[in-house]
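Structure file coords-v1.cif (mmCIF, C-alpha atoms (C1' of nucleotides)) is printed below.
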data_work
#
loop_
_atom_site.label_atom_id
_atom_site.label_comp_id
_atom_site.auth_asym_id
_atom_site.auth_seq_id
_atom_site.Cartn_x
_atom_site.Cartn_y
_atom_site.Cartn_z
CA MET A 1 223.31 164.54 204.04
CA SER A 2 221.68 167.87 203.70
CA SER A 3 220.92 169.85 200.61
CA SER A 4 220.76 173.51 199.79
CA GLU A 5 217.21 174.79 200.18
CA PHE A 6 217.58 176.40 196.77
CA ILE A 7 217.71 173.10 194.96
CA LYS A 8 213.96 172.68 195.37
CA GLY A 9 212.34 172.71 192.00
CA THR A 10 215.60 172.17 190.15
CA LEU A 11 216.43 168.61 191.18
CA LYS A 12 214.39 167.01 188.43
CA THR A 13 216.15 169.08 185.80
CA ILE A 14 219.59 168.38 187.27
CA ILE A 15 218.93 164.64 187.13
CA LEU A 16 217.76 164.86 183.53
CA LYS A 17 220.84 166.86 182.61
CA LEU A 18 223.26 164.39 184.21
CA LEU A 19 221.58 161.46 182.52
CA ALA A 20 221.59 163.26 179.20
CA GLU A 21 225.33 163.50 179.53
CA ASN A 22 226.23 160.20 181.10
CA LYS A 23 223.74 157.88 179.43
CA GLN A 24 223.58 155.56 182.44
CA MET A 25 223.79 156.39 186.11
CA TYR A 26 222.59 154.94 189.39
CA GLY A 27 221.19 156.91 192.29
CA TYR A 28 224.23 156.92 194.49
CA GLU A 29 226.38 157.92 191.54
CA ILE A 30 224.09 160.85 190.78
CA SER A 31 224.34 162.11 194.35
CA GLN A 32 228.14 161.84 194.24
CA LYS A 33 228.28 163.61 190.89
CA VAL A 34 226.17 166.51 192.09
CA GLU A 35 228.33 166.85 195.16
CA GLU A 36 231.44 166.83 192.98
CA LEU A 37 230.11 169.31 190.41
CA SER A 38 228.96 171.67 193.14
CA ALA A 39 232.20 171.49 195.11
CA SER A 40 230.27 169.90 197.99
CA GLU A 41 227.83 172.78 198.09
CA ILE A 42 224.90 170.57 197.15
CA LYS A 43 224.46 167.25 198.89
CA LEU A 44 221.36 165.39 197.79
CA THR A 45 219.42 163.49 200.39
CA TYR A 46 218.41 160.01 199.32
CA GLY A 47 214.94 160.68 200.63
CA ALA A 48 214.64 163.38 197.99
CA LEU A 49 216.67 161.77 195.20
CA TYR A 50 215.16 158.31 194.95
CA PRO A 51 211.51 159.39 194.98
CA VAL A 52 212.28 161.76 192.11
CA LEU A 53 213.88 158.91 190.19
CA TYR A 54 210.80 156.73 190.75
CA LYS A 55 208.58 159.54 189.63
CA LEU A 56 210.54 160.18 186.47
CA GLU A 57 210.44 156.46 185.74
CA ASN A 58 206.69 156.40 186.26
CA GLU A 59 206.31 159.32 183.90
CA GLY A 60 208.13 157.37 181.22
CA LEU A 61 211.13 159.67 181.17
CA LEU A 62 213.60 157.14 182.56
CA VAL A 63 214.03 153.40 182.39
CA ALA A 64 215.77 151.41 185.10
CA GLU A 65 217.89 148.32 184.82
CA THR A 66 219.22 146.51 187.86
CA GLU A 67 222.68 145.01 187.84
CA VAL A 68 224.64 143.29 190.56
CA VAL A 69 228.11 144.74 190.95
CA ASP A 70 230.48 143.44 193.62
CA GLY A 71 227.61 141.59 195.20
CA ARG A 72 225.55 144.74 195.58
CA ALA A 73 222.52 145.68 193.53
CA ARG A 74 222.70 148.82 191.47
CA LYS A 75 219.82 150.32 189.58
CA TYR A 76 220.99 152.05 186.46
CA TYR A 77 218.78 154.71 185.02
CA SER A 78 218.79 156.04 181.50
CA LEU A 79 216.65 158.48 179.54
CA THR A 80 213.86 157.35 177.27
CA PRO A 81 213.38 159.29 174.02
CA GLN A 82 210.83 161.48 175.82
CA GLY A 83 213.36 161.93 178.61
CA VAL A 84 215.96 163.10 176.11
CA GLU A 85 213.54 165.66 174.71
CA LEU A 86 212.44 166.88 178.12
CA ALA A 87 216.05 167.16 179.28
CA LYS A 88 216.77 169.60 176.45
CA VAL A 89 213.73 171.71 177.23
CA LYS A 90 214.24 171.75 180.99
CA VAL A 91 217.95 172.51 180.87
CA SER A 92 217.31 175.39 178.54
CA GLU A 93 214.51 176.71 180.76
CA LEU A 94 216.63 176.43 183.86
CA GLN A 95 219.54 178.21 182.21
CA LYS A 96 217.20 181.03 181.34
CA PHE A 97 215.87 181.05 184.88
CA THR A 98 219.35 181.33 186.39
CA GLU A 99 219.99 184.35 184.18
CA THR A 100 216.74 185.92 185.34
CA LEU A 101 217.60 185.19 188.94
CA LYS A 102 220.99 186.76 188.49
CA ASN A 103 219.33 189.92 187.25
CA ILE A 104 216.94 190.00 190.18
CA LEU A 105 219.80 189.56 192.62
CA LEU A 106 221.85 192.30 191.01
CA PRO A 107 222.04 195.52 193.00
CA ALA A 108 219.32 197.81 191.70
CA PRO A 109 220.75 200.38 189.32
CA ASN A 110 220.75 203.91 190.63
CA ILE A 111 218.52 205.85 188.29
CA SER A 112 220.42 209.06 187.88
CA LEU A 113 218.50 212.24 187.27
CA GLU A 114 220.19 212.91 183.95
CA ILE A 115 218.12 210.16 182.39
CA TRP A 116 215.18 212.45 182.93
CA GLY A 117 216.90 215.32 181.30
CA ALA A 118 217.56 217.11 184.60
CA MET B 1 198.98 183.60 187.81
CA SER B 2 201.40 180.77 187.51
CA SER B 3 205.03 180.69 188.49
CA SER B 4 208.08 178.96 187.15
CA GLU B 5 208.59 175.69 189.00
CA PHE B 6 212.20 176.72 189.49
CA ILE B 7 211.33 179.51 191.87
CA LYS B 8 210.58 177.01 194.61
CA GLY B 9 213.00 177.51 197.43
CA THR B 10 214.14 180.91 196.19
CA LEU B 11 211.01 182.95 196.85
CA LYS B 12 211.93 183.85 200.40
CA THR B 13 215.31 185.16 199.29
CA ILE B 14 213.81 187.12 196.41
CA ILE B 15 211.39 188.83 198.77
CA LEU B 16 214.17 189.69 201.20
CA LYS B 17 216.24 191.09 198.34
CA LEU B 18 213.45 193.31 197.01
CA LEU B 19 212.72 194.65 200.47
CA ALA B 20 216.39 195.29 201.12
CA GLU B 21 216.36 197.51 198.08
CA ASN B 22 213.00 199.17 198.28
CA LYS B 23 212.64 199.64 202.03
CA GLN B 24 208.83 199.35 201.89
CA MET B 25 206.68 197.22 199.65
CA TYR B 26 203.25 195.59 199.72
CA GLY B 27 202.44 192.11 198.47
CA TYR B 28 200.86 193.07 195.19
CA GLU B 29 203.74 195.41 194.48
CA ILE B 30 206.24 192.61 195.09
CA SER B 31 204.47 190.32 192.65
CA GLN B 32 204.42 193.08 190.02
CA LYS B 33 208.10 193.84 190.58
CA VAL B 34 209.13 190.22 190.19
CA GLU B 35 207.13 189.97 187.01
CA GLU B 36 208.77 193.14 185.73
CA LEU B 37 212.31 192.14 186.68
CA SER B 38 211.88 188.72 185.10
CA ALA B 39 210.35 190.03 181.88
CA SER B 40 207.13 188.20 182.77
CA GLU B 41 208.95 184.90 183.13
CA ILE B 42 208.12 184.63 186.80
CA LYS B 43 204.60 185.30 187.97
CA LEU B 44 204.12 184.79 191.68
CA THR B 45 200.92 183.22 192.87
CA TYR B 46 199.33 184.99 195.79
CA GLY B 47 198.79 181.66 197.47
CA ALA B 48 202.54 181.33 197.60
CA LEU B 49 203.50 184.95 198.15
CA TYR B 50 201.31 185.98 201.07
CA PRO B 51 201.97 182.93 203.27
CA VAL B 52 205.69 183.57 202.85
CA LEU B 53 205.21 187.17 203.94
CA TYR B 54 203.26 186.08 207.03
CA LYS B 55 205.94 183.57 207.84
CA LEU B 56 208.75 186.07 207.52
CA GLU B 57 206.78 188.44 209.72
CA ASN B 58 206.28 185.72 212.32
CA GLU B 59 209.99 185.01 212.29
CA GLY B 60 210.70 188.64 213.08
CA LEU B 61 212.33 189.35 209.75
CA LEU B 62 209.64 191.72 208.50
CA VAL B 63 207.27 194.20 210.06
CA ALA B 64 203.95 195.12 208.50
CA GLU B 65 202.08 198.40 208.53
CA THR B 66 198.64 198.78 207.02
CA GLU B 67 197.69 201.92 205.17
CA VAL B 68 194.55 202.82 203.27
CA VAL B 69 195.30 204.15 199.82
CA ASP B 70 192.46 205.09 197.46
CA GLY B 71 190.01 203.41 199.77
CA ARG B 72 191.86 200.11 199.61
CA ALA B 73 193.97 198.60 202.33
CA ARG B 74 197.61 198.02 201.65
CA LYS B 75 199.96 196.20 203.93
CA TYR B 76 203.45 197.58 203.67
CA TYR B 77 206.29 195.33 204.69
CA SER B 78 209.78 196.33 205.64
CA LEU B 79 212.83 194.51 206.95
CA THR B 80 213.71 194.39 210.62
CA PRO B 81 217.41 194.60 211.51
CA GLN B 82 217.51 190.79 211.53
CA GLY B 83 215.79 190.85 208.16
CA VAL B 84 218.46 193.15 206.80
CA GLU B 85 221.16 190.78 207.99
CA LEU B 86 219.44 187.69 206.66
CA ALA B 87 218.84 189.37 203.31
CA LYS B 88 222.57 189.87 202.88
CA VAL B 89 223.36 186.28 203.76
CA LYS B 90 220.60 184.75 201.63
CA VAL B 91 221.29 186.87 198.56
CA SER B 92 224.93 185.94 198.73
CA GLU B 93 224.09 182.26 199.13
CA LEU B 94 221.66 182.32 196.26
CA GLN B 95 224.15 184.07 194.01
CA LYS B 96 226.63 181.36 194.76
CA PHE B 97 224.01 178.72 194.10
CA THR B 98 223.16 180.16 190.69
CA GLU B 99 226.84 180.00 189.77
CA THR B 100 226.98 176.38 190.86
CA LEU B 101 223.84 175.62 188.91
CA LYS B 102 225.32 177.24 185.84
CA ASN B 103 228.32 174.97 186.11
CA ILE B 104 226.17 171.89 186.45
CA LEU B 105 224.14 172.88 183.42
CA LEU B 106 227.22 173.53 181.33
CA PRO B 107 227.93 170.89 178.70
CA ALA B 108 230.35 168.40 180.19
CA PRO B 109 233.89 169.13 179.05
CA ASN B 110 235.35 166.54 176.73
CA ILE B 111 238.34 165.16 178.55
CA SER B 112 240.91 164.92 175.82
CA LEU B 113 243.54 162.22 176.03
CA GLU B 114 246.41 164.67 176.06
CA ILE B 115 245.55 165.57 179.65
CA TRP B 116 246.70 162.08 180.51
CA GLY B 117 249.90 162.53 178.62
CA ALA B 118 248.78 160.33 175.74
"C1'" DC C 1 237.66 138.78 214.69
"C1'" DG C 2 235.11 142.98 215.30
"C1'" DC C 3 234.31 147.58 213.99
"C1'" DA C 4 234.09 151.53 211.16
"C1'" DT C 5 233.50 153.26 206.78
"C1'" DA C 6 231.98 153.33 202.14
"C1'" DT C 7 228.78 151.71 198.96
"C1'" DG C 8 223.93 151.18 197.58
"C1'" DT C 9 218.57 151.08 197.72
"C1'" DT C 10 214.12 151.54 199.91
"C1'" DT C 11 210.57 153.62 202.35
"C1'" DA C 12 207.67 155.68 206.17
"C1'" DA C 13 206.23 159.65 209.04
"C1'" DG C 14 205.96 164.17 209.41
"C1'" DA C 15 206.77 168.90 208.03
"C1'" DA C 16 207.08 172.42 204.79
"C1'" DA C 17 205.81 174.53 200.67
"C1'" DA C 18 203.27 175.39 196.52
"C1'" DT C 19 198.96 175.11 193.60
"C1'" DT C 20 194.47 176.12 192.91
"C1'" DA C 21 190.63 178.44 193.74
"C1'" DA C 22 187.50 181.17 195.87
"C1'" DA C 23 185.95 184.99 198.88
"C1'" DT C 24 186.11 189.82 200.03
"C1'" DA C 25 186.50 194.75 198.68
"C1'" DT C 26 187.11 199.16 195.93
"C1'" DA C 27 188.14 202.28 191.84
"C1'" DT C 28 187.97 203.28 187.17
"C1'" DA C 29 187.12 202.98 182.38
"C1'" DA C 30 184.21 201.46 178.66
"C1'" DT D 1 176.68 197.56 184.39
"C1'" DT D 2 180.33 195.10 183.21
"C1'" DA D 3 185.09 194.27 182.85
"C1'" DT D 4 189.51 195.19 184.48
"C1'" DA D 5 192.91 196.48 187.73
"C1'" DT D 6 194.08 196.79 192.34
"C1'" DA D 7 194.74 194.36 196.89
"C1'" DT D 8 194.47 190.78 200.71
"C1'" DT D 9 193.13 186.49 202.86
"C1'" DT D 10 192.73 181.75 203.38
"C1'" DA D 11 191.24 176.79 202.90
"C1'" DA D 12 191.82 172.25 200.70
"C1'" DT D 13 194.65 169.56 198.30
"C1'" DT D 14 198.82 168.09 196.41
"C1'" DT D 15 203.58 167.99 196.01
"C1'" DT D 16 207.93 167.87 197.80
"C1'" DC D 17 211.47 167.63 201.19
"C1'" DT D 18 213.52 166.26 205.67
"C1'" DT D 19 214.62 163.02 208.81
"C1'" DA D 20 215.39 158.70 210.00
"C1'" DA D 21 215.65 154.09 209.90
"C1'" DA D 22 216.07 149.50 207.79
"C1'" DC D 23 218.32 146.31 204.84
"C1'" DA D 24 222.59 144.55 202.58
"C1'" DT D 25 227.58 143.90 201.21
"C1'" DA D 26 232.70 144.90 200.73
"C1'" DT D 27 236.91 146.54 202.48
"C1'" DG D 28 240.38 148.28 205.48
"C1'" DC D 29 242.17 148.69 210.12
"C1'" DG D 30 243.55 147.36 214.58
#
What is this structure when it is put down as C-alpha coordinates?
Amino acid sequence: MSSSEFIKGTLKTIILKLLAENKQMYGYEISQKVEELSASEIKLTYGALYPVLYKLENEGLLVAETEVVDGRARKYYSLTPQGVELAKVKVSELQKFTETLKNILLPAPNISLEIWGA
Amino acid sequence: MSSSEFIKGTLKTIILKLLAENKQMYGYEISQKVEELSASEIKLTYGALYPVLYKLENEGLLVAETEVVDGRARKYYSLTPQGVELAKVKVSELQKFTETLKNILLPAPNISLEIWGA
DNA sequence: CGCATATGTTTAAGAAAATTAAATATATAA
DNA sequence: TTATATATTTAATTTTCTTAAACATATGCG
(Lines of atoms letter the chains of each structure in order from A and count residues from 1; the text may use other names and numbers.)
(Lines give C-alpha, C1' and ligand atoms only; values in the text may rest on other atoms or scores of the structure.)
Protein backbone atom coordinates (compact mmCIF):
# COMPACT_ATOMS: atom_id res chain seq x y z
CA MET A 1 0.00 0.00 0.00
CA SER A 2 1.25 3.39 -0.91
CA SER A 3 -0.36 6.74 -0.43
CA SER A 4 -0.32 9.98 -2.32
CA GLU A 5 2.35 12.28 -0.93
CA PHE A 6 -0.26 15.02 -0.85
CA ILE A 7 -2.25 13.36 1.89
CA LYS A 8 0.30 14.45 4.47
CA GLY A 9 -1.30 16.83 6.86
CA THR A 10 -4.83 15.93 5.79
CA LEU A 11 -5.09 12.38 7.08
CA LYS A 12 -6.22 13.39 10.55
CA THR A 13 -9.02 15.50 9.11
CA ILE A 14 -10.10 12.77 6.70
CA ILE A 15 -10.38 10.29 9.56
CA LEU A 16 -12.41 12.74 11.63
CA LYS A 17 -14.70 13.38 8.68
CA LEU A 18 -15.33 9.68 8.01
CA LEU A 19 -16.07 9.02 11.66
CA ALA A 20 -18.37 12.01 11.83
CA GLU A 21 -20.37 10.42 9.07
CA ASN A 22 -20.22 6.77 9.94
CA LYS A 23 -20.34 6.90 13.73
CA GLN A 24 -18.28 3.74 14.12
CA MET A 25 -15.44 2.46 11.99
CA TYR A 26 -12.39 0.27 12.39
CA GLY A 27 -8.98 0.93 10.92
CA TYR A 28 -9.14 -1.45 8.02
CA GLU A 29 -12.59 -0.16 7.14
CA ILE A 30 -11.31 3.41 7.10
CA SER A 31 -8.51 2.50 4.72
CA GLN A 32 -10.97 0.71 2.41
CA LYS A 33 -13.38 3.64 2.53
CA VAL A 34 -10.70 6.15 1.60
CA GLU A 35 -9.60 3.97 -1.26
CA GLU A 36 -13.19 3.69 -2.44
CA LEU A 37 -13.98 7.40 -2.11
CA SER A 38 -10.79 8.34 -3.93
CA ALA A 39 -11.29 5.84 -6.76
CA SER A 40 -8.12 4.05 -5.61
CA GLU A 41 -6.10 7.22 -5.86
CA ILE A 42 -5.37 7.28 -2.15
CA LYS A 43 -4.27 4.10 -0.44
CA LEU A 44 -3.50 4.56 3.24
CA THR A 45 -0.60 2.68 4.69
CA TYR A 46 -1.35 1.01 8.00
CA GLY A 47 1.90 2.35 9.35
CA ALA A 48 0.46 5.83 8.88
CA LEU A 49 -3.19 5.12 9.67
CA TYR A 50 -3.00 3.27 12.97
CA PRO A 51 -0.56 5.64 14.69
CA VAL A 52 -2.89 8.51 13.81
CA LEU A 53 -5.80 6.62 15.33
CA TYR A 54 -3.82 6.02 18.53
CA LYS A 55 -2.88 9.64 18.66
CA LEU A 56 -6.44 10.85 18.21
CA GLU A 57 -7.51 8.44 20.93
CA ASN A 58 -4.82 9.75 23.25
CA GLU A 59 -5.96 13.28 22.58
CA GLY A 60 -9.46 12.35 23.68
CA LEU A 61 -10.98 12.82 20.25
CA LEU A 62 -11.81 9.16 19.67
CA VAL A 63 -12.79 6.23 21.82
CA ALA A 64 -12.07 2.64 20.86
CA GLU A 65 -14.07 -0.47 21.53
CA THR A 66 -12.82 -3.91 20.59
CA GLU A 67 -15.19 -6.53 19.26
CA VAL A 68 -14.56 -10.01 17.97
CA VAL A 69 -16.16 -10.59 14.60
CA ASP A 70 -15.74 -13.91 12.80
CA GLY A 71 -13.05 -14.86 15.24
CA ARG A 72 -10.99 -11.78 14.46
CA ALA A 73 -10.58 -8.75 16.68
CA ARG A 74 -11.80 -5.44 15.39
CA LYS A 75 -11.26 -2.13 17.09
CA TYR A 76 -14.13 0.21 16.46
CA TYR A 77 -13.46 3.89 16.80
CA SER A 78 -15.99 6.62 17.35
CA LEU A 79 -15.81 10.35 18.00
CA THR A 80 -16.03 11.81 21.47
CA PRO A 81 -17.95 15.09 21.84
CA GLN A 82 -14.65 16.95 21.43
CA GLY A 83 -13.98 14.83 18.36
CA VAL A 84 -17.32 15.83 16.89
CA GLU A 85 -16.52 19.50 17.42
CA LEU A 86 -13.02 19.22 16.02
CA ALA A 87 -14.30 17.31 12.99
CA LYS A 88 -16.55 20.23 12.09
CA VAL A 89 -13.75 22.75 12.45
CA LYS A 90 -11.15 20.72 10.59
CA VAL A 91 -13.40 19.76 7.70
CA SER A 92 -14.36 23.36 7.23
CA GLU A 93 -10.72 24.46 7.36
CA LEU A 94 -9.66 21.81 4.89
CA GLN A 95 -12.45 22.72 2.50
CA LYS A 96 -11.25 26.28 2.60
CA PHE A 97 -7.70 25.13 2.06
CA THR A 98 -8.62 23.10 -1.02
CA GLU A 99 -10.24 26.21 -2.49
CA THR A 100 -7.11 28.21 -1.79
CA LEU A 101 -4.97 25.52 -3.33
CA LYS A 102 -7.15 25.47 -6.39
CA ASN A 103 -6.60 29.20 -6.80
CA ILE A 104 -2.85 28.83 -6.44
CA LEU A 105 -2.79 26.07 -9.03
CA LEU A 106 -4.86 28.05 -11.49
CA PRO A 107 -2.95 29.43 -14.44
CA ALA A 108 -1.92 32.97 -13.58
CA PRO A 109 -4.25 35.47 -15.21
CA ASN A 110 -2.68 37.50 -17.98
CA ILE A 111 -2.82 41.08 -16.80
CA SER A 112 -3.80 42.89 -19.94
CA LEU A 113 -2.60 46.43 -20.44
CA GLU A 114 -6.11 47.84 -20.67
CA ILE A 115 -6.47 47.42 -16.92
CA TRP A 116 -3.89 50.15 -16.65
CA GLY A 117 -5.77 52.39 -18.96
CA ALA A 118 -3.33 51.83 -21.84
CA MET B 1 5.35 32.87 10.46
CA SER B 2 3.19 29.84 10.77
CA SER B 3 1.70 27.74 8.03
CA SER B 4 -1.47 25.78 7.64
CA GLU B 5 -0.87 22.17 8.64
CA PHE B 6 -2.54 21.16 5.40
CA ILE B 7 0.27 22.47 3.27
CA LYS B 8 2.46 19.55 4.25
CA GLY B 9 3.23 17.50 1.22
CA THR B 10 2.10 20.19 -1.20
CA LEU B 11 4.85 22.76 -0.69
CA LYS B 12 7.17 21.30 -3.28
CA THR B 13 4.45 21.38 -5.91
CA ILE B 14 3.44 24.93 -5.02
CA ILE B 15 7.02 26.10 -5.43
CA LEU B 16 7.33 24.35 -8.79
CA LYS B 17 4.07 25.94 -9.92
CA LEU B 18 5.09 29.47 -8.95
CA LEU B 19 8.43 29.09 -10.69
CA ALA B 20 6.77 27.68 -13.79
CA GLU B 21 4.79 30.87 -13.96
CA ASN B 22 7.26 33.47 -12.88
CA LYS B 23 10.46 32.13 -14.43
CA GLN B 24 12.64 33.61 -11.66
CA MET B 25 11.89 34.03 -7.99
CA TYR B 26 13.80 34.24 -4.72
CA GLY B 27 12.80 32.57 -1.47
CA TYR B 28 11.38 35.59 0.27
CA GLU B 29 9.42 36.48 -2.84
CA ILE B 30 7.92 32.98 -2.96
CA SER B 31 6.77 33.21 0.64
CA GLN B 32 5.18 36.62 -0.04
CA LYS B 33 3.49 35.34 -3.18
CA VAL B 34 1.99 32.35 -1.41
CA GLU B 35 0.71 34.59 1.34
CA GLU B 36 -0.79 36.91 -1.25
CA LEU B 37 -2.39 34.17 -3.35
CA SER B 38 -3.88 32.54 -0.26
CA ALA B 39 -5.22 35.78 1.21
CA SER B 40 -2.85 35.34 4.15
CA GLU B 41 -4.20 31.88 4.89
CA ILE B 42 -0.89 30.23 4.16
CA LYS B 43 2.29 31.67 5.60
CA LEU B 44 5.36 29.66 4.76
CA THR B 45 8.01 29.26 7.40
CA TYR B 46 11.52 29.84 6.18
CA GLY B 47 12.64 26.73 7.97
CA ALA B 48 10.37 24.80 5.65
CA LEU B 49 10.78 26.86 2.50
CA TYR B 50 14.54 27.14 2.13
CA PRO B 51 15.37 23.47 2.76
CA VAL B 52 12.86 22.55 0.05
CA LEU B 53 14.55 24.95 -2.35
CA TYR B 54 17.97 23.44 -1.59
CA LYS B 55 16.57 19.98 -2.09
CA LEU B 56 14.98 20.83 -5.42
CA GLU B 57 18.27 22.38 -6.50
CA ASN B 58 20.16 19.25 -5.47
CA GLU B 59 17.75 17.15 -7.46
CA GLY B 60 18.49 19.19 -10.55
CA LEU B 61 15.02 20.68 -10.76
CA LEU B 62 16.07 24.24 -9.99
CA VAL B 63 19.12 26.37 -10.61
CA ALA B 64 20.10 29.26 -8.37
CA GLU B 65 21.77 32.52 -9.23
CA THR B 66 22.78 35.03 -6.60
CA GLU B 67 22.42 38.74 -7.22
CA VAL B 68 23.02 41.70 -4.97
CA VAL B 69 20.09 44.09 -4.93
CA ASP B 70 20.16 47.18 -2.71
CA GLY B 71 23.19 45.82 -0.94
CA ARG B 72 21.41 42.61 -0.01
CA ALA B 73 21.99 39.22 -1.52
CA ARG B 74 19.14 37.55 -3.30
CA LYS B 75 19.18 34.04 -4.61
CA TYR B 76 17.05 33.72 -7.69
CA TYR B 77 15.75 30.29 -8.54
CA SER B 78 14.49 29.08 -11.87
CA LEU B 79 13.35 25.75 -13.25
CA THR B 80 15.63 23.47 -15.22
CA PRO B 81 14.08 21.60 -18.16
CA GLN B 82 13.44 18.66 -15.81
CA GLY B 83 11.90 21.11 -13.36
CA VAL B 84 9.56 22.37 -16.06
CA GLU B 85 8.46 18.83 -16.81
CA LEU B 86 8.01 17.89 -13.18
CA ALA B 87 6.05 21.07 -12.52
CA LYS B 88 3.50 20.05 -15.14
CA VAL B 89 3.13 16.57 -13.72
CA LYS B 90 2.94 17.65 -10.08
CA VAL B 91 0.48 20.46 -10.66
CA SER B 92 -1.77 18.11 -12.56
CA GLU B 93 -1.52 15.49 -9.82
CA LEU B 94 -2.24 18.00 -7.10
CA GLN B 95 -5.23 19.36 -8.97
CA LYS B 96 -6.60 15.87 -9.19
CA PHE B 97 -5.92 15.33 -5.52
CA THR B 98 -7.81 18.46 -4.51
CA GLU B 99 -10.81 17.22 -6.48
CA THR B 100 -10.60 13.88 -4.71
CA LEU B 101 -10.31 15.61 -1.37
CA LYS B 102 -13.34 17.71 -2.16
CA ASN B 103 -15.33 14.57 -2.81
CA ILE B 104 -14.22 13.00 0.43
CA LEU B 105 -15.16 16.12 2.35
CA LEU B 106 -18.58 16.31 0.73
CA PRO B 107 -21.46 15.31 2.98
CA ALA B 108 -22.18 11.65 2.37
CA PRO B 109 -25.12 11.25 0.02
CA ASN B 110 -28.21 9.80 1.61
CA ILE B 111 -28.86 6.57 -0.21
CA SER B 112 -32.58 6.63 -0.68
CA LEU B 113 -34.45 3.36 -0.78
CA GLU B 114 -35.81 3.96 -4.25
CA ILE B 115 -32.36 3.25 -5.69
CA TRP B 116 -32.95 -0.31 -4.57
CA GLY B 117 -36.31 -0.42 -6.22
CA ALA B 118 -38.19 -0.18 -2.95
C1' DC C 1 -4.57 -30.90 2.62
C1' DG C 2 -1.88 -26.93 1.40
C1' DC C 3 -1.69 -22.46 -0.47
C1' DA C 4 -3.13 -17.98 -1.71
C1' DT C 5 -5.88 -14.26 -0.68
C1' DA C 6 -8.54 -11.27 2.13
C1' DT C 7 -9.28 -9.56 6.54
C1' DG C 8 -7.46 -7.19 10.64
C1' DT C 9 -4.07 -5.03 14.20
C1' DT C 10 0.42 -3.85 15.98
C1' DT C 11 4.82 -1.95 16.04
C1' DA C 12 9.87 -1.04 15.13
C1' DA C 13 13.60 1.18 12.43
C1' DG C 14 14.75 4.52 9.59
C1' DA C 15 13.93 8.44 6.59
C1' DA C 16 11.77 12.57 5.44
C1' DA C 17 9.69 16.74 6.58
C1' DA C 18 8.17 20.52 9.37
C1' DT C 19 8.52 23.60 13.56
C1' DT C 20 10.90 26.63 16.17
C1' DA C 21 14.26 29.63 16.91
C1' DA C 22 18.25 32.00 16.40
C1' DA C 23 22.12 34.07 13.81
C1' DT C 24 23.67 37.09 10.18
C1' DA C 25 23.15 41.31 7.32
C1' DT C 26 21.33 45.75 5.21
C1' DA C 27 18.02 49.68 4.17
C1' DT C 28 14.67 52.81 5.51
C1' DA C 29 11.44 55.31 8.16
C1' DA C 30 10.11 57.24 12.54
C1' DT D 1 18.56 54.70 17.72
C1' DT D 2 15.02 51.85 17.33
C1' DA D 3 11.70 49.36 14.86
C1' DT D 4 10.38 47.35 10.70
C1' DA D 5 11.01 45.27 6.33
C1' DT D 6 13.91 42.73 3.53
C1' DA D 7 16.65 38.36 2.83
C1' DT D 8 19.21 33.89 3.76
C1' DT D 9 21.03 30.15 6.52
C1' DT D 10 20.95 26.49 9.58
C1' DA D 11 20.72 23.61 13.91
C1' DA D 12 17.95 21.00 17.28
C1' DT D 13 13.93 18.94 18.07
C1' DT D 14 9.69 16.96 17.00
C1' DT D 15 6.44 15.05 14.07
C1' DT D 16 5.13 12.20 10.55
C1' DC D 17 5.55 8.83 7.01
C1' DT D 18 7.54 4.71 4.74
C1' DT D 19 8.79 0.24 4.82
C1' DA D 20 8.57 -3.96 6.58
C1' DA D 21 7.61 -7.51 9.38
C1' DA D 22 5.01 -10.12 12.85
C1' DC D 23 0.85 -12.05 14.56
C1' DA D 24 -3.79 -14.09 13.75
C1' DT D 25 -8.02 -16.05 11.40
C1' DA D 26 -11.38 -17.26 7.57
C1' DT D 27 -12.35 -18.69 3.04
C1' DG D 28 -11.90 -20.35 -1.55
C1' DC D 29 -9.34 -23.10 -4.84
C1' DG D 30 -6.94 -26.89 -6.69
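Distances here use all atoms listed in the file; by that measure, the residue among A:Ala73, A:Ile30, A:Leu16, A:Ala39 closest to chain D is A:Ala73.
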Quick one: everything within 12 Å of DG30 of chain D, counting all atoms listed in the file, minus sequence neighbours fewer than 5 positions away in the same chain. Send it as an MDAnalysis selection string. chainID C and resid 1:4
List the residues matched by the PyMOL selection byres ((chain B) within 12 of (chain A)) in the displayed structure as a PyMOL selection string, ordered by chain and then by residue number. chain B and resi 3-22+33-42+87-88+90-110
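By chain and then residue number, the residues within 10 Å of segment 19-27 of chain C are Ser2, Ser3, Thr45, Gly47, Ala48, Asp70, Gly71, Arg72 and Ala73 of chain B; DA5, DT6, DA7, DT8, DT9, DT10, DA11, DA12, DT13, DT14 and DT15 of chain D, counting only C-alpha atoms (C1' of nucleotides) and disregarding those fewer than 6 positions away in sequence.
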Name the residues that the PyMOL selection byres ((chain B and resi 66) around 12) picks from the file above, as a PDB file with C-alpha atoms (C1' of nucleotides), in the frame of the given file, using the file's chain letters and numbers.
ATOM      1  CA  GLN B  24     208.830 199.350 201.890  1.00  0.00           C
ATOM      2  CA  MET B  25     206.680 197.220 199.650  1.00  0.00           C
ATOM      3  CA  TYR B  26     203.250 195.590 199.720  1.00  0.00           C
ATOM      4  CA  GLY B  27     202.440 192.110 198.470  1.00  0.00           C
ATOM      5  CA  VAL B  63     207.270 194.200 210.060  1.00  0.00           C
ATOM      6  CA  ALA B  64     203.950 195.120 208.500  1.00  0.00           C
ATOM      7  CA  GLU B  65     202.080 198.400 208.530  1.00  0.00           C
ATOM      8  CA  GLU B  67     197.690 201.920 205.170  1.00  0.00           C
ATOM      9  CA  VAL B  68     194.550 202.820 203.270  1.00  0.00           C
ATOM     10  CA  VAL B  69     195.300 204.150 199.820  1.00  0.00           C
ATOM     11  CA  ARG B  72     191.860 200.110 199.610  1.00  0.00           C
ATOM     12  CA  ALA B  73     193.970 198.600 202.330  1.00  0.00           C
ATOM     13  CA  ARG B  74     197.610 198.020 201.650  1.00  0.00           C
ATOM     14  CA  LYS B  75     199.960 196.200 203.930  1.00  0.00           C
ATOM     15  CA  TYR B  76     203.450 197.580 203.670  1.00  0.00           C
ATOM     16  CA  TYR B  77     206.290 195.330 204.690  1.00  0.00           C
ATOM     17  CA  SER B  78     209.780 196.330 205.640  1.00  0.00           C
TER      18      SER B  78
ATOM     19  C1'  DA D   7     194.740 194.360 196.890  1.00  0.00           C
ATOM     20  C1'  DT D   8     194.470 190.780 200.710  1.00  0.00           C
TER      21       DT D   8
END
Once you count all atoms listed in the file, what closest atom pair and distance in Å to one decimal does each residue of chain D within 8 Å of chain A have, with rows by chain and rising residue number, as CSV?
residue,atom,partner,partner_atom,distance
D:DC17,C1',A:Ala48,CA,6.2
D:DT18,C1',A:Gly47,CA,7.7
D:DA24,C1',A:Arg72,CA,7.6
D:DT25,C1',A:Arg72,CA,6.0
D:DA26,C1',A:Asp70,CA,7.6
List, as a VMD selection string, every residue that the PyMOL selection byres ((chain C) within 10 of (chain A)) selects in the file provided. chain C and resid 7 to 11 17
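From atom CA of Leu61 of chain B back to atom CA of Leu86 of chain B, the distance works out to 7.9 Å.
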Determine, counting all atoms listed in the file, which protein, DNA and RNA residues have an atom within 12 Å of an atom of DA30 of chain C; residues of the same chain fewer than 6 positions away are not included. Present the result as a list of chain:residue names. D:DT1, D:DT2, D:DA3, D:DT4
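The interatomic distance for the pair atom CA of Val84 of chain B and atom C1' of DT16 of chain D works out to 28.8 Å.
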